[in-house]
file query-v6.cif (mmCIF, C-alpha atoms and all ligand atoms)
data_run
loop_
_atom_site.label_atom_id
_atom_site.label_comp_id
_atom_site.auth_asym_id
_atom_site.auth_seq_id
_atom_site.Cartn_x
_atom_site.Cartn_y
_atom_site.Cartn_z
CA MET C 505 -5.50 -79.54 177.03
CA SER C 506 -4.19 -79.04 180.57
CA VAL C 507 -2.30 -76.22 182.24
CA VAL C 508 0.78 -77.76 183.88
CA VAL C 509 3.13 -75.93 186.25
CA ILE C 510 6.56 -77.59 186.47
CA THR C 511 9.45 -76.57 188.73
CA GLY C 512 13.05 -77.25 187.67
CA ALA C 513 11.98 -77.51 184.02
CA ASN C 514 15.24 -76.11 182.58
CA CYS C 515 17.11 -79.43 182.57
CA GLY C 516 17.00 -83.13 183.36
CA ILE C 517 13.68 -84.80 184.08
CA GLY C 518 11.83 -81.47 184.44
CA LEU C 519 12.89 -80.44 180.94
CA ALA C 520 11.83 -83.81 179.52
CA LEU C 521 8.44 -83.37 181.23
CA ALA C 522 8.07 -79.87 179.74
CA GLU C 523 8.98 -81.19 176.27
CA GLN C 524 6.46 -84.04 176.43
CA PHE C 525 3.60 -82.03 177.92
CA THR C 526 4.01 -79.23 175.36
CA LYS C 527 4.36 -81.72 172.50
CA ARG C 528 0.98 -83.24 173.30
CA GLY C 529 -0.65 -79.81 173.41
CA ASP C 530 -0.68 -78.97 177.11
CA ASP C 531 0.21 -75.46 178.29
CA VAL C 532 3.36 -75.58 180.42
CA ILE C 533 4.21 -72.87 182.93
CA ALA C 534 7.86 -73.38 183.88
CA CYS C 535 8.91 -72.13 187.30
CA VAL C 536 12.71 -72.21 187.26
CA ARG C 537 15.78 -70.80 188.93
CA SER C 538 17.66 -70.63 185.63
CA ASN C 539 16.40 -70.61 182.06
CA SER C 540 17.89 -72.76 179.26
CA PRO C 541 17.78 -72.73 175.45
CA GLU C 542 16.24 -76.22 175.56
CA LEU C 543 13.41 -75.00 177.79
CA LYS C 544 12.84 -71.95 175.56
CA ALA C 545 12.59 -74.30 172.56
CA THR C 546 9.60 -76.09 174.13
CA GLY C 547 7.47 -72.95 173.89
CA ALA C 548 6.67 -73.12 177.60
CA GLU C 549 5.77 -69.93 179.44
CA ILE C 550 8.86 -69.35 181.55
CA TYR C 551 9.27 -67.63 184.92
CA ASP C 552 12.94 -67.69 185.87
CA GLY C 553 14.95 -66.45 188.82
CA ILE C 554 12.77 -68.37 191.25
CA ASP C 555 14.94 -70.01 193.87
CA LEU C 556 12.93 -72.38 196.06
CA CYS C 557 14.94 -71.20 199.07
CA ASP C 558 13.69 -67.63 198.48
CA GLY C 559 10.24 -67.15 199.97
CA GLU C 560 9.75 -63.73 198.34
CA ALA C 561 10.55 -65.12 194.88
CA ILE C 562 8.06 -67.95 195.36
CA GLN C 563 5.39 -65.53 196.54
CA GLY C 564 6.09 -63.25 193.57
CA PHE C 565 5.63 -66.16 191.15
CA CYS C 566 2.33 -67.18 192.79
CA GLU C 567 1.07 -63.59 192.56
CA LYS C 568 2.04 -63.37 188.88
CA ILE C 569 -0.02 -66.40 187.91
CA ALA C 570 -2.89 -65.82 190.34
CA GLY C 571 -6.24 -66.28 188.60
CA ARG C 572 -4.90 -68.82 186.08
CA PRO C 573 -6.60 -72.21 186.54
CA ILE C 574 -3.98 -74.95 187.02
CA ASP C 575 -4.74 -78.60 186.22
CA ILE C 576 -1.42 -80.16 187.24
CA LEU C 577 1.35 -78.94 189.53
CA VAL C 578 4.59 -80.93 189.28
CA ASN C 579 7.00 -80.21 192.14
CA ASN C 580 10.10 -81.54 190.41
CA ALA C 581 13.04 -79.27 191.36
CA SER C 582 15.28 -80.63 194.05
CA THR C 583 18.82 -80.70 195.37
CA TYR C 584 21.05 -83.54 196.60
CA ASN C 585 23.92 -81.98 198.51
CA ASP C 586 25.57 -84.44 200.85
CA ARG C 587 26.00 -88.16 200.19
CA ASN C 588 28.09 -88.80 203.33
CA LEU C 589 27.52 -91.11 206.27
CA VAL C 590 25.92 -89.38 209.27
CA GLU C 591 29.29 -89.09 211.05
CA ASP C 592 30.61 -86.90 208.20
CA ILE C 593 27.44 -85.02 207.36
CA ASP C 594 27.41 -81.28 206.72
CA VAL C 595 24.32 -80.09 208.56
CA ASP C 596 24.16 -76.84 206.57
CA ALA C 597 23.97 -78.88 203.36
CA VAL C 598 21.08 -80.83 204.88
CA ARG C 599 19.38 -77.55 205.81
CA LYS C 600 19.60 -76.51 202.16
CA GLU C 601 18.09 -79.84 201.10
CA PHE C 602 15.14 -79.25 203.40
CA GLU C 603 14.66 -75.68 202.20
CA THR C 604 14.78 -76.68 198.53
CA ASN C 605 13.07 -80.06 198.60
CA VAL C 606 10.44 -79.53 201.31
CA LEU C 607 9.83 -75.96 202.43
CA GLY C 608 10.02 -74.36 198.98
CA PRO C 609 7.58 -76.87 197.44
CA LEU C 610 5.33 -76.52 200.51
CA GLN C 611 5.18 -72.73 200.08
CA LEU C 612 4.70 -73.00 196.32
CA THR C 613 1.94 -75.59 196.65
CA LYS C 614 0.20 -73.52 199.33
CA GLY C 615 0.50 -70.41 197.16
CA LEU C 616 -0.91 -72.12 194.05
CA LEU C 617 -3.69 -74.06 195.81
CA PRO C 618 -6.40 -71.46 195.13
CA GLU C 619 -5.71 -71.87 191.40
CA ILE C 620 -5.79 -75.68 191.31
CA VAL C 621 -9.02 -76.75 189.66
CA LYS C 622 -11.54 -79.34 190.81
CA GLY C 623 -10.15 -82.59 189.40
CA GLY C 624 -6.63 -81.12 189.54
CA LYS C 625 -3.48 -83.03 190.44
CA ILE C 626 -0.51 -82.21 192.66
CA VAL C 627 2.59 -84.27 191.94
CA PHE C 628 5.84 -84.54 193.86
CA ILE C 629 8.87 -86.03 192.15
CA SER C 630 10.29 -87.90 195.11
CA SER C 631 12.86 -90.70 195.32
CA SER C 632 12.95 -94.29 196.47
CA LEU C 633 15.69 -93.00 198.81
CA GLY C 634 12.83 -91.38 200.75
CA SER C 635 11.23 -94.76 201.44
CA ILE C 636 11.77 -95.85 205.05
CA GLU C 637 10.56 -99.41 204.30
CA GLU C 638 13.04 -99.86 201.44
CA ASN C 639 16.04 -98.26 203.16
CA GLU C 640 18.67 -100.96 203.59
CA THR C 641 21.84 -98.84 203.42
CA GLY C 642 23.39 -95.76 205.03
CA SER C 643 24.47 -92.37 203.61
CA SER C 644 22.61 -89.41 202.07
CA VAL C 645 20.52 -88.91 205.18
CA GLY C 646 19.64 -85.27 204.38
CA TYR C 647 18.30 -86.08 200.92
CA ARG C 648 16.55 -89.20 202.26
CA MET C 649 14.88 -87.25 205.09
CA SER C 650 13.83 -84.48 202.72
CA LYS C 651 12.18 -86.97 200.37
CA SER C 652 10.44 -88.76 203.27
CA ALA C 653 9.10 -85.35 204.31
CA THR C 654 7.98 -84.73 200.71
CA ASN C 655 6.09 -88.02 200.84
CA MET C 656 4.40 -86.96 204.08
CA LEU C 657 3.41 -83.65 202.51
CA ALA C 658 1.80 -85.46 199.56
CA LYS C 659 -0.10 -87.86 201.82
CA THR C 660 -1.32 -85.07 204.10
CA LEU C 661 -2.45 -83.00 201.11
CA CYS C 662 -4.28 -86.06 199.82
CA ASN C 663 -6.31 -86.19 203.04
CA GLU C 664 -6.94 -82.44 203.10
CA LEU C 665 -7.85 -82.01 199.44
CA TRP C 666 -9.96 -85.11 198.84
CA GLU C 667 -13.20 -83.19 199.34
CA ARG C 668 -12.04 -80.55 196.86
CA PHE C 669 -11.58 -83.32 194.25
CA ILE C 670 -7.83 -82.70 194.04
CA SER C 671 -5.54 -85.75 194.01
CA THR C 672 -1.88 -86.03 194.93
CA THR C 673 0.93 -88.47 194.30
CA THR C 674 4.64 -88.96 194.77
CA ILE C 675 6.67 -90.55 191.98
CA HIS C 676 10.19 -92.01 191.88
CA PRO C 677 11.56 -91.39 188.37
CA GLY C 678 14.18 -94.16 188.45
CA ILE C 679 17.94 -93.64 188.30
CA VAL C 680 18.42 -91.14 185.51
CA PRO C 681 21.61 -89.55 184.13
CA THR C 682 21.16 -85.87 185.04
CA LYS C 683 23.14 -83.13 186.79
CA MET C 684 21.85 -84.46 190.11
CA SER C 685 23.05 -88.03 189.55
CA GLU C 686 26.36 -86.74 188.12
CA PHE C 687 25.13 -88.12 184.80
CA SER C 688 25.15 -91.74 185.91
CA GLY C 689 21.99 -93.76 185.52
CA ILE C 690 20.30 -96.32 183.38
CA ARG C 691 17.16 -94.60 182.15
CA LEU C 692 17.10 -91.57 179.85
CA PRO C 693 15.26 -88.50 181.15
CA GLU C 694 12.82 -88.87 178.21
CA ASP C 695 11.92 -92.42 179.29
CA ALA C 696 11.60 -91.41 182.94
CA ALA C 697 9.36 -88.49 181.96
CA LYS C 698 7.20 -90.77 179.83
CA GLY C 699 6.63 -93.04 182.83
CA VAL C 700 5.98 -90.08 185.13
CA ILE C 701 3.36 -88.69 182.74
CA SER C 702 1.72 -92.09 182.50
CA ARG C 703 1.44 -92.17 186.33
CA ILE C 704 0.00 -88.63 186.31
CA ASP C 705 -2.54 -89.55 183.63
CA LYS C 706 -3.67 -92.57 185.68
CA LEU C 707 -3.89 -90.56 188.94
CA SER C 708 -7.42 -90.18 190.29
CA LEU C 709 -9.08 -89.65 193.66
CA ASP C 710 -9.18 -93.47 193.99
CA THR C 711 -5.38 -93.72 193.74
CA SER C 712 -4.57 -90.43 195.49
CA GLY C 713 -1.94 -90.36 198.22
CA MET C 714 0.23 -93.22 196.96
CA PHE C 715 3.95 -93.53 196.16
CA TRP C 716 4.81 -94.93 192.72
CA HIS C 717 7.86 -95.88 190.71
CA GLN C 718 7.42 -94.35 187.26
CA ASP C 719 7.38 -97.90 185.86
CA GLY C 720 4.07 -98.56 187.63
CA ARG C 721 5.31 -100.39 190.74
CA GLN C 722 3.93 -99.10 194.02
CA ILE C 723 6.69 -98.15 196.51
CA LEU C 724 6.24 -98.71 200.24
CA TRP C 725 6.44 -95.58 202.41
N1 LIG U 801 18.30 -88.30 188.50
C1 LIG U 801 17.97 -89.31 189.30
O1 LIG U 801 18.57 -90.40 189.23
C2 LIG U 801 16.85 -89.14 190.29
C3 LIG U 801 16.54 -90.23 191.12
C4 LIG U 801 15.50 -90.09 192.03
C5 LIG U 801 14.80 -88.91 192.10
N2 LIG U 801 15.14 -87.85 191.30
C6 LIG U 801 14.35 -86.62 191.41
O2 LIG U 801 13.99 -86.15 190.13
C7 LIG U 801 13.78 -84.73 190.19
C8 LIG U 801 14.50 -84.04 189.05
O3 LIG U 801 15.90 -84.21 189.21
P1 LIG U 801 16.88 -84.40 187.99
O4 LIG U 801 17.47 -85.74 188.10
O5 LIG U 801 16.22 -83.98 186.73
O6 LIG U 801 18.04 -83.38 188.40
P2 LIG U 801 18.64 -82.07 187.74
O7 LIG U 801 18.78 -82.23 186.27
O8 LIG U 801 19.85 -81.78 188.55
O9 LIG U 801 17.51 -80.99 188.00
C9 LIG U 801 17.30 -80.44 189.27
C10 LIG U 801 16.45 -79.20 189.08
O10 LIG U 801 16.19 -78.63 190.36
C11 LIG U 801 16.51 -77.25 190.29
N3 LIG U 801 16.89 -76.71 191.58
C12 LIG U 801 17.87 -77.14 192.42
N4 LIG U 801 17.95 -76.33 193.48
C13 LIG U 801 17.00 -75.38 193.32
C14 LIG U 801 16.58 -74.24 194.07
N5 LIG U 801 17.16 -73.92 195.24
N6 LIG U 801 15.57 -73.49 193.60
C15 LIG U 801 14.97 -73.79 192.42
N7 LIG U 801 15.32 -74.84 191.66
C16 LIG U 801 16.32 -75.62 192.10
C17 LIG U 801 17.66 -77.17 189.31
O11 LIG U 801 17.80 -75.82 188.87
P3 LIG U 801 19.23 -75.28 188.36
O12 LIG U 801 19.44 -75.85 186.99
O13 LIG U 801 19.06 -73.81 188.37
O14 LIG U 801 20.27 -75.77 189.33
C18 LIG U 801 17.16 -78.12 188.24
O15 LIG U 801 16.21 -77.49 187.42
C19 LIG U 801 14.28 -84.29 191.58
O16 LIG U 801 13.18 -84.12 192.45
C20 LIG U 801 15.11 -85.48 192.04
O17 LIG U 801 15.17 -85.57 193.44
C21 LIG U 801 16.14 -87.94 190.40
#

call {"tool": "encode", "arguments": {"input": "query-v6.cif", "output": "structure tokens"}}
result
Amino acid sequence: MSVVVITGANCGIGLALAEQFTKRGDDVIACVRSNSPELKATGAEIYDGIDLCDGEAIQGFCEKIAGRPIDILVNNASTYNDRNLVEDIDVDAVRKEFETNVLGPLQLTKGLLPEIVKGGKIVFISSSLGSIEENETGSSVGYRMSKSATNMLAKTLCNELWERFISTTTIHPGIVPTKMSEFSGIRLPEDAAKGVISRIDKLSLDTSGMFWHQDGRQILW
């Protein structure tokens, strides 16, 4: 039985993760901006009203669960605001993407670090759009940059936390029909979550600091 903290667990892939972790007997602590009946139905312990752009809310959450050993932290919540070409980009939308996708998870991870156990795992749900090597098109530069920064955070944490026996990974869940993808996509959230959990289960210090597709393919940075 593991204690798993998941952000953005009220819907989409985060909800599917909460459902599958609770179903197999793990204790899920959901850190969400908004609650949902589906999340309540999982039996997860829910902390709502936590906006990742609100430093005080994040700090308040960390204080509330201080002293609880955490086995797995899944930084899943994210926003995708502007899909334009650079010439049409809304810089304020990009700023929001950085606050939500990078700075919020950074603060949350920092705040929860004292509670992450030896042998614990820190997971970032990233995107193949954050891969510089695999980028062959334009558009969505804010989201792309935020996910590249997420990847850098995971890799840096890997180096810093190795000696504390904590491993990190970034995982691309595939293209999944959720609010974020405007419900277009080929893989159901349940299937994506199954693959993500399989990657988390296989994560060890030996494979720490790598970028995976949930289907098991390694993605180039
Ligand atoms: N769907 C895809 O095709 C796809 C592809 C690649 C990567 N991903 C990644 O998969 C992860 C999950 O996304 P999803 O597809 O499941 O999307 P989703 O259903 O839209 O879920 C996004 C989650 O992030 C939360 N969130 C957004 N802004 C927030 C903020 N400022 N503070 C706190 N929470 C916030 C949302 O909360 P609210 O409900 O309150 O808005 C929601 O719980 C994300 O990291 C995403 O980048 C998804």

call {"tool": "atom_distance", "arguments": {"input": "query-v6.cif", "atom1": "atom C13 of ligand LIG 801 (chain U)", "atom2": "atom CA of Met505 of chain C"}}
result
28.1 Å

call {"tool": "closest_atom_pairs", "arguments": {"input": "query-v6.cif", "of": "chain C", "to": "ligand LIG 801 (chain U)", "cutoff": "8 Å", "atoms": "all atoms listed in the file", "output": "Markdown table"}}
result
| residue | atom | partner | partner_atom | distance |
| --- | --- | --- | --- | --- |
| C:Thr511 | CA | U:LIG801 | N7 | 6.8 |
| C:Gly512 | CA | U:LIG801 | O15 | 3.2 |
| C:Ala513 | CA | U:LIG801 | O15 | 5.4 |
| C:Asn514 | CA | U:LIG801 | O15 | 5.1 |
| C:Cys515 | CA | U:LIG801 | O7 | 4.9 |
| C:Gly516 | CA | U:LIG801 | O7 | 3.5 |
| C:Ile517 | CA | U:LIG801 | O5 | 3.8 |
| C:Gly518 | CA | U:LIG801 | O5 | 5.6 |
| C:Leu519 | CA | U:LIG801 | O5 | 7.6 |
| C:Val536 | CA | U:LIG801 | N7 | 5.8 |
| C:Arg537 | CA | U:LIG801 | O13 | 4.5 |
| C:Ser538 | CA | U:LIG801 | O13 | 4.4 |
| C:Asn539 | CA | U:LIG801 | O13 | 7.6 |
| C:Ile554 | CA | U:LIG801 | C15 | 6.0 |
| C:Asp555 | CA | U:LIG801 | N6 | 3.5 |
| C:Leu556 | CA | U:LIG801 | N6 | 3.8 |
| C:Cys557 | CA | U:LIG801 | N5 | 5.2 |
| C:Asp558 | CA | U:LIG801 | N6 | 7.9 |
| C:Asn579 | CA | U:LIG801 | O16 | 7.3 |
| C:Asn580 | CA | U:LIG801 | O16 | 4.5 |
| C:Ala581 | CA | U:LIG801 | O10 | 3.4 |
| C:Ser582 | CA | U:LIG801 | O10 | 4.3 |
| C:Thr583 | CA | U:LIG801 | C12 | 4.7 |
| C:Tyr584 | CA | U:LIG801 | O17 | 7.0 |
| C:Lys600 | CA | U:LIG801 | N5 | 7.8 |
| C:Glu603 | CA | U:LIG801 | N5 | 7.6 |
| C:Thr604 | CA | U:LIG801 | N5 | 4.9 |
| C:Asn605 | CA | U:LIG801 | O16 | 7.4 |
| C:Gly608 | CA | U:LIG801 | N6 | 7.8 |
| C:Phe628 | CA | U:LIG801 | O16 | 7.5 |
| C:Ile629 | CA | U:LIG801 | O16 | 4.7 |
| C:Ser630 | CA | U:LIG801 | O16 | 5.5 |
| C:Ser631 | CA | U:LIG801 | C5 | 4.2 |
| C:Ser632 | CA | U:LIG801 | C4 | 6.6 |
| C:Leu633 | CA | U:LIG801 | C4 | 7.4 |
| C:Lys651 | CA | U:LIG801 | O17 | 7.7 |
| C:His676 | CA | U:LIG801 | C5 | 5.6 |
| C:Pro677 | CA | U:LIG801 | C5 | 5.5 |
| C:Gly678 | CA | U:LIG801 | C3 | 5.3 |
| C:Ile679 | CA | U:LIG801 | O1 | 3.4 |
| C:Val680 | CA | U:LIG801 | O1 | 3.8 |
| C:Pro681 | CA | U:LIG801 | N1 | 5.6 |
| C:Thr682 | CA | U:LIG801 | O7 | 4.5 |
| C:Lys683 | CA | U:LIG801 | O8 | 4.0 |
| C:Met684 | CA | U:LIG801 | O8 | 3.7 |
| C:Ser685 | CA | U:LIG801 | N1 | 4.9 |
| C:Phe687 | CA | U:LIG801 | N1 | 7.8 |
| C:Ser688 | CA | U:LIG801 | O1 | 7.5 |
| C:Gly689 | CA | U:LIG801 | O1 | 6.1 |
| C:Pro693 | CA | U:LIG801 | O5 | 7.2 |

call {"tool": "closest_residue", "arguments": {"input": "query-v6.cif", "among": "C:Asn639, C:Thr526, C:Gln563, C:Thr660", "to": "Ile723 of chain C", "atoms": "only C-alpha atoms"}}
result
C:Asn639

call {"tool": "closest_residue", "arguments": {"input": "query-v6.cif", "among": "C:Asn655, C:Ile574, C:Phe525, C:Glu619", "to": "Ser702 of chain C", "atoms": "all atoms listed in the file"}}
result
C:Phe525

call {"tool": "closest_residue", "arguments": {"input": "query-v6.cif", "among": "C:Gly529, C:Pro541, C:Gly699, C:Gly559", "to": "Lys614 of chain C", "atoms": "all atoms listed in the file"}}
result
C:Gly559

call {"tool": "residues_around", "arguments": {"input": "query-v6.cif", "residues": "Asp592 of chain C", "least_positions_apart": "2", "cutoff": "12 Å", "atoms": "all atoms listed in the file", "output": "list in words"}}
result
Asp586, Arg587, Asn588, Leu589, Val590, Asp594, Val595, Ala597, Val598, Gly642, Ser643, Ser644, Val645 and Gly646 of chain C

call {"tool": "atom_distance", "arguments": {"input": "query-v6.cif", "atom1": "atom CA of Met714 of chain C", "atom2": "atom CA of Cys535 of chain C"}}
result
24.8 Å

call {"tool": "axis_aligned_box", "arguments": {"input": "query-v6.cif", "around": "segment 569-572 of chain C", "padding_each_side": "4 Å", "output": "AutoDock Vina command-line options"}}
result
--center_x -3.1 --center_y -67.3 --center_z 188.2 --size_x 14.2 --size_y 11.0 --size_z 12.3

call {"tool": "atom_distance", "arguments": {"input": "query-v6.cif", "atom1": "atom CA of Val700 of chain C", "atom2": "atom CA of Val509 of chain C"}}
result
14.5 Å

call {"tool": "residues_near_point", "arguments": {"input": "query-v6.cif", "point": "(-2.9, -92.9, 189.0)", "cutoff": "12 Å", "atoms": "only C-alpha atoms", "output": "PyMOL selection string"}}
result
chain C and resi 625-627+671-675+699-722

call {"tool": "closest_residue", "arguments": {"input": "query-v6.cif", "among": "C:Leu724, C:Leu665, C:Ile562, C:Ala570", "to": "Gln611 of chain C", "atoms": "only C-alpha atoms"}}
result
C:Ile562

call {"tool": "closest_residue", "arguments": {"input": "query-v6.cif", "among": "C:Arg599, C:Lys544, C:Arg668, C:Lys622", "to": "Asp575 of chain C", "atoms": "all atoms listed in the file"}}
result
C:Lys622

call {"tool": "closest_residue", "arguments": {"input": "query-v6.cif", "among": "C:Leu543, C:Ala522, C:Ile670, C:Leu692", "to": "Val621 of chain C", "atoms": "only C-alpha atoms"}}
result
C:Ile670

call {"tool": "decode", "arguments": {"input": "query-v6.cif", "residues": "segment 592-670 of chain C", "atoms": "C-alpha atoms", "output": "CSV table (one decimal), in the first residue's frame"}}
result
chain,number,residue,atom,x,y,z
C,592,ASP,CA,0.1,35.5,-32.7
C,593,ILE,CA,1.0,34.3,-29.2
C,594,ASP,CA,-0.6,35.8,-26.1
C,595,VAL,CA,2.3,36.3,-23.8
C,596,ASP,CA,0.0,36.5,-20.7
C,597,ALA,CA,-1.4,33.1,-21.6
C,598,VAL,CA,2.2,31.7,-21.8
C,599,ARG,CA,2.9,33.3,-18.4
C,600,LYS,CA,-0.1,31.4,-17.0
C,601,GLU,CA,1.2,28.1,-18.5
C,602,PHE,CA,4.5,28.6,-16.8
C,603,GLU,CA,2.9,29.4,-13.4
C,604,THR,CA,0.6,26.4,-13.6
C,605,ASN,CA,2.8,23.8,-15.3
C,606,VAL,CA,6.2,24.7,-13.9
C,607,LEU,CA,6.3,27.1,-10.9
C,608,GLY,CA,3.3,25.6,-9.1
C,609,PRO,CA,4.6,22.0,-9.4
C,610,LEU,CA,8.1,23.3,-8.4
C,611,GLN,CA,6.7,24.9,-5.2
C,612,LEU,CA,4.5,21.9,-4.4
C,613,THR,CA,7.4,19.4,-4.9
C,614,LYS,CA,9.7,21.6,-2.8
C,615,GLY,CA,7.0,21.8,-0.1
C,616,LEU,CA,6.3,18.0,0.0
C,617,LEU,CA,10.0,16.9,-0.3
C,618,PRO,CA,10.5,16.5,3.5
C,619,GLU,CA,7.6,14.0,3.5
C,620,ILE,CA,8.8,11.9,0.5
C,621,VAL,CA,10.1,8.6,1.9
C,622,LYS,CA,13.4,6.9,1.1
C,623,GLY,CA,12.5,4.8,-2.1
C,624,GLY,CA,9.8,7.4,-3.0
C,625,LYS,CA,9.0,8.6,-6.5
C,626,ILE,CA,8.3,12.0,-8.0
C,627,VAL,CA,6.5,11.9,-11.3
C,628,PHE,CA,5.7,14.7,-13.7
C,629,ILE,CA,3.0,14.2,-16.4
C,630,SER,CA,4.7,15.9,-19.2
C,631,SER,CA,4.1,15.9,-23.0
C,632,SER,CA,6.0,14.8,-26.1
C,633,LEU,CA,5.4,18.5,-27.1
C,634,GLY,CA,8.1,19.3,-24.5
C,635,SER,CA,10.6,17.2,-26.4
C,636,ILE,CA,13.1,19.5,-28.3
C,637,GLU,CA,14.5,16.5,-30.2
C,638,GLU,CA,11.1,15.5,-31.5
C,639,ASN,CA,9.8,18.9,-32.3
C,640,GLU,CA,9.2,19.1,-36.0
C,641,THR,CA,6.4,21.6,-36.2
C,642,GLY,CA,5.5,25.1,-34.9
C,643,SER,CA,2.7,26.4,-32.6
C,644,SER,CA,1.9,26.0,-28.9
C,645,VAL,CA,5.3,27.4,-27.9
C,646,GLY,CA,4.2,28.3,-24.3
C,647,TYR,CA,2.9,24.8,-23.5
C,648,ARG,CA,6.0,23.3,-25.2
C,649,MET,CA,8.4,25.5,-23.3
C,650,SER,CA,6.6,24.8,-20.0
C,651,LYS,CA,6.8,21.0,-20.6
C,652,SER,CA,10.5,21.3,-21.5
C,653,ALA,CA,11.0,23.2,-18.3
C,654,THR,CA,9.1,20.4,-16.4
C,655,ASN,CA,11.5,17.9,-18.0
C,656,MET,CA,14.5,19.9,-16.8
C,657,LEU,CA,13.0,20.0,-13.3
C,658,ALA,CA,12.6,16.2,-13.2
C,659,LYS,CA,16.1,15.6,-14.4
C,660,THR,CA,17.6,18.1,-11.9
C,661,LEU,CA,15.7,16.6,-9.1
C,662,CYS,CA,16.9,13.2,-10.2
C,663,ASN,CA,20.5,14.4,-9.7
C,664,GLU,CA,19.8,16.1,-6.4
C,665,LEU,CA,17.7,13.3,-4.8
C,666,TRP,CA,19.7,10.2,-5.9
C,667,GLU,CA,21.5,10.0,-2.6
C,668,ARG,CA,18.2,10.2,-0.8
C,669,PHE,CA,17.0,7.2,-2.7
C,670,ILE,CA,14.2,9.2,-4.4
